[in-house]
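S.K.: The structure's right below; bear with me while I get my questions together.
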Amino acid sequence: MSATRPELKFSDVSEERGFYRRFNSLPEKPSTKIRIVDKGEYYTVVGSDAVFVAENIYHTQSVLKNCNVDQITLKGFKNEPPQYVTISQQVLSNLLKVCLLDSGYKVEIYDKNWKLLKSASPGNIEQVSELMNLNIEQSIVIASLKLQQNSKDGNNVIGVAFIDTSNFKIGMLDIVDNEVYSNVESFLIQLGVKECLIQDQRSNENSAVEFKKLVSVIERCDCVASLLKNSEFSEKDVELDLVKLLGDELALSLPQKYSNISMGACNALLKYLQLVTEEEQIGKYELVEHSLKEFMKLDASAIKALNLFPQGPLQALGPSSIISMSPSSGGKIESLFQLLNNCKTNAGIRLLNEWLKQPLTDLNLINQRHDLVEFLIDQLELRNMLQSDFLPLIPDVRRITKKLSKKGGLEDVLKVYQFSKRVPEIAQLLESFVQDTDISEEMNSLINATWLTPLKSHLDPLSKLQEMVETTVDLEAYDESNVYMIKVEFNEELASIRNKLDSLRDEIKTIHLDAAEDLGFDPERKLKLENHHLHGWCMRLTRNDAKELRKHKNYIELSTVKAGIFFSTRELKEIANETAILQKEYDKQQSTLVKEIVNITLTYTPVLEKLSLVLANLDVLSSFAHTSSYAPIPYVRPKMYGFGSTRKTKLLGSRHPVLEMQDELTFIANDVVLENGTGEFLIITGPNMGGKSTYIRQVGVISLMAQIGCFVPCDKAEISIVDAILCRVGAGDSQLKGVSTFMVEMLETASILKNSTKNSLIIIDELGRGTGTYDGFGLAWAIAEHIAANIGCFALFATHFHELTTLADKLANVKNMHVVAHIEQSESSHHDSDDITLLYKVEPGISDQSFGIHVAEVVQFPDKIIRMAKRKADELEDLKKSNGELKKAKITMSELNDGNLKLKKLLKDWVANVKKEDLNDPERFSDTQCQEKIQELLKTLTSEAVSTNDRYLEYLRTLL
């Protein structure tokens, strides 16, 4: 790899020294910014940036080379290693993707004199998008937050602005939030914000705490926090910039509609992106509304716990390597996005990505999506035709129109033309199936409203676009030779030049044939006619055949290369020069006409984008239907309940949709019943590896699938809509950020408690294990009791604190469930030889013991460690019991004396019975019978304790 990589070259020593001197004079940068130099034929990075490229792109430091610097220059490198690496255009594309989309880094590209050419950040990739050359599967959204210093009703008010540069959308809103900023977190997740601008408040003592909280929330959402000065967030004159971008004078009234803080946030965003200074951005944007209540709230932990996307940690779902992005590509499915992504268009993939982060909360809209998925499942032929014959031919309209607005040509115009021809075909296909299928009027109306009417309403402008392209573009030349050119007859001047060129080329061919006859060479095989990049039209012979050429004085040798000798004649040279001049005129005229055609095509952008969204909707719902039909066990349509109805979720034979796709396992289905008042809070106990985590997470995944409009992996499903899925799972440290396991637990749990309502779904897995046992149990109990007693929402709480199961005795809405495990003792009945079988079934009741040591046996821990662990566990259990009993008794000295007297009386009665009935005769009474006799006396004593409220005797009763 390094052998073919170019050296970092300079014309002389002075240029080389100047290069490194200017590099040393650059201001210091954070480690999360990469500087790249464009050297023309290749790119290079220097210092620590070179080390980053070597490790993250080439995965080896062998590609690094030492900079040729003297000792004086070397001193200026400070802490930078004096190394560099060169990269090609193709590698640069990958580097930009890794930096901007995967690592959250910023990038700057300089010329060879270290003058800044382009800059990009995760939320602003416009300047380098052409260099990246990839299909991005989601919109690039950047947001800005302005925190109001004075709180409102104990809550914080945050002004928010966001811009989707890929879709030309601008939005503003105010968010009223609690002290853990859970609503900001939901906003960032719903829009998939890549970068967030905030005021730098590190030096302000009064605001530093809130600033740190906001940064923490932003980073938790895998978003990059960019700090700006407070002065950047002024709302002054922002409406004038919005008028330019929106192309609408009504934007001047925006200050009446939006608050000063959201307008200030918008101003910071516009200046950061420098949109107003770019001519192609003017008048392109539209103002959009976003409401948090319209969609289900998801916290950052839920995104990871439910494995919505491949880039998140795949907890409990096996290896984290992502092989493919869709089931159809044949790779392993390890995220919900991969499972559901049977989309055939780039627009469909982006819409699926958006829907997964924005599950609906409106019952009617959810049912409409389910209706359409059901229609596509029933209409197998229609779905197959769409997914195999029509949708794959739909180009990425967004990408094409963006390219057209910058430097697009006839190739892109023809792609738009092909799109315009596909739309009527799809509309006709849908209409034919609707007419030929026996469906209800409601279903007919829904299909028309969702797909047919939007498609057919734009057929007229599409036909005009087609007519324009067919009139101006030479489609025959494209079909026959894949050449993009304007029709000659479209323009008289163009036609005139074309005729002259054709005439001259006929003359050139005649000269070629004459020369072949004169020299005695075959014009097809030996004597070549070529259009050379320097000499224009000329002829070529191999060097071996050059002897014959030199016998004729009328031929002019032009150059000799390895391929042969280029030569011409006086007449051919004159014609070649004339042809070159005419060709330039022709190209210039054609370029002017192409620009006009491109500009006309761009006027259709709004229509094209609306149609693209309709087809994306059809693509995603077809993908849902395909996934639901071809799952190992077909999915079912869930019956949905809205917020106003009785809260009930009943999943019979439910399965985890991603796990059941794994080839190496057979998934065990389980029932889940959550019902208001009787069992809305489930405590799940059982052994490690027994399936507790999978059980609670699959409930979240199924709820989310239902609310995005997909069918669900169950035998039968009734689902109440939830306004939020809030998760606390796993015990991952964030040590690089200085946050411990326990602190992460508490932060996430605090967010859950602040953000949940009675309509939420809470999933908690192993809370309290990041601290001491007693503290952990105390917190787990308090949190569980608060959720069950005060919030009253659906919750699933997996725990190893078996004592927590007693909460069901206190609260009627708490129900205990356990993962079934079978313990089998060998014939020797030694405790050390117990075997555990995990059945992966979840049933009502509690798991009355811990199985940690058994699981250690399953994974073949050394026998000596197993025996020691069991012995120590027994000791701790005995100590726990004795401590617990003494604490529970709390007996006074007087009560102790009274109790001892009663106990002495019991012993005397026992002695009298022994003598009276001759109980010590082994032939008359067995040991078991004697034990039964003394048990009767003890029961008499303990029943007396209950009736007389004797606490000492009550203590004795607990010992029994």
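Numbering starts fresh at 1 for the residues of each chain in the structure tokens, the chains themselves are lettered A, B, ... in the order given, and ligands are numbered from 1 as they appear.
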Write out as a PDB file with N, CA and C atoms, in the first residue's frame which residues come within 8 Å of A:Leu372 when counting only C-alpha atoms, dropping same-chain ones fewer than 2 positions away.
M.R.:
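So selection_36.pdb came out as:
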```pdb
ATOM      1  N   GLN A 368     -53.831   3.982  10.052  1.00  0.00           N
ATOM      2  CA  GLN A 368     -53.747   4.171   8.597  1.00  0.00           C
ATOM      3  C   GLN A 368     -52.522   3.463   8.018  1.00  0.00           C
ATOM      4  N   ARG A 369     -51.402   3.592   8.708  1.00  0.00           N
ATOM      5  CA  ARG A 369     -50.195   2.888   8.243  1.00  0.00           C
ATOM      6  C   ARG A 369     -50.411   1.376   8.294  1.00  0.00           C
ATOM      7  N   HIS A 370     -51.040   0.891   9.368  1.00  0.00           N
ATOM      8  CA  HIS A 370     -51.308  -0.546   9.468  1.00  0.00           C
ATOM      9  C   HIS A 370     -52.235  -1.008   8.336  1.00  0.00           C
ATOM     10  N   GLU A 374     -51.219  -3.777   5.600  1.00  0.00           N
ATOM     11  CA  GLU A 374     -52.071  -4.954   5.419  1.00  0.00           C
ATOM     12  C   GLU A 374     -52.456  -5.104   3.942  1.00  0.00           C
ATOM     13  N   PHE A 375     -52.768  -3.994   3.273  1.00  0.00           N
ATOM     14  CA  PHE A 375     -53.103  -4.028   1.848  1.00  0.00           C
ATOM     15  C   PHE A 375     -51.929  -4.565   1.036  1.00  0.00           C
ATOM     16  N   LEU A 376     -50.712  -4.111   1.351  1.00  0.00           N
ATOM     17  CA  LEU A 376     -49.537  -4.552   0.598  1.00  0.00           C
ATOM     18  C   LEU A 376     -49.164  -5.999   0.902  1.00  0.00           C
ATOM     19  N   LEU A 446     -58.175   5.792   1.439  1.00  0.00           N
ATOM     20  CA  LEU A 446     -56.857   5.932   2.070  1.00  0.00           C
ATOM     21  C   LEU A 446     -55.734   5.789   1.041  1.00  0.00           C
ATOM     22  N   ILE A 447     -55.835   4.810   0.165  1.00  0.00           N
ATOM     23  CA  ILE A 447     -54.806   4.607  -0.863  1.00  0.00           C
ATOM     24  C   ILE A 447     -54.742   5.807  -1.794  1.00  0.00           C
ATOM     25  N   LEU A 621     -43.420   1.405   3.460  1.00  0.00           N
ATOM     26  CA  LEU A 621     -44.544   0.544   3.828  1.00  0.00           C
ATOM     27  C   LEU A 621     -44.464  -0.801   3.085  1.00  0.00           C
TER      28      LEU A 621
END
```
S.K.: If you count only C-alpha atoms, which residues fall within 6 Å of A:Val141, apart from same-chain ones fewer than 6 positions away, as a ChimeraX atom specification?
M.R.: /A:123,163-164,193-194
S.K.: Separation of atom CA of A:Val722 and atom CA of A:Thr361, in Å?
M.R.: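 Computed distance, atom CA of A:Val722 to atom CA of A:Thr361, equals 7.1 Å.
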S.K.: When you look at stretch 40-52 of chain A with a cut-off of 8 Å (counting only C-alpha atoms), what residues show up, excluding the ones that are within fewer than 3 positions of it in the same chain? I need them as a ChimeraX atom specification.
M.R.: /A:6,8,34-37,55-57,61,64,77,80-89,92
S.K.: Contacts of A:Asn341 at 12 Å or less, counting only C-alpha atoms, minus same-chain residues fewer than 5 places along, as a ChimeraX atom specification?
M.R.: /A:137,308-310,324-329,333-336,346-353,355-356,619-628,710
S.K.: Run DSSP on the backbone and give me the residues of stretch 499-544 of chain A it puts in alpha helix (DSSP H), as number ranges by chain.
M.R.: A: 499-519
S.K.: Go ahead and compute the interatomic distance for atom CA of A:Leu608 and atom CA of A:Val397, in Å to one decimal.
M.R.: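 Atom CA of A:Val397 lies 6.9 Å from atom CA of A:Leu608.
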S.K.: For atom CA of A:Tyr258 and atom CA of A:Asp200, quote the distance in Å rounded to one decimal.
M.R.: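 Calculated distance between atom CA of A:Tyr258 and atom CA of A:Asp200 is 23.3 Å.
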S.K.: Need to verify the contact set: A:Glu354, 9 Å, only C-alpha atoms, exclusion of same-chain residues closer than 3 positions in sequence. Can you return it as a list in words?
M.R.: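 Within the cut-off, the hits are Gln138, Ser139, Gln190, Leu191, Gly192, Ile349, Arg350, Leu351, Lys357, Gln358 and Pro359 of chain A.
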S.K.: Please provide the set of residues having any atom within 10 Å of A:Leu273, restricted to only C-alpha atoms, with same-chain residues fewer than 5 positions apart removed, written as a ChimeraX atom specification.
M.R.: /A:120-121,123-126,142,163,165,268,278
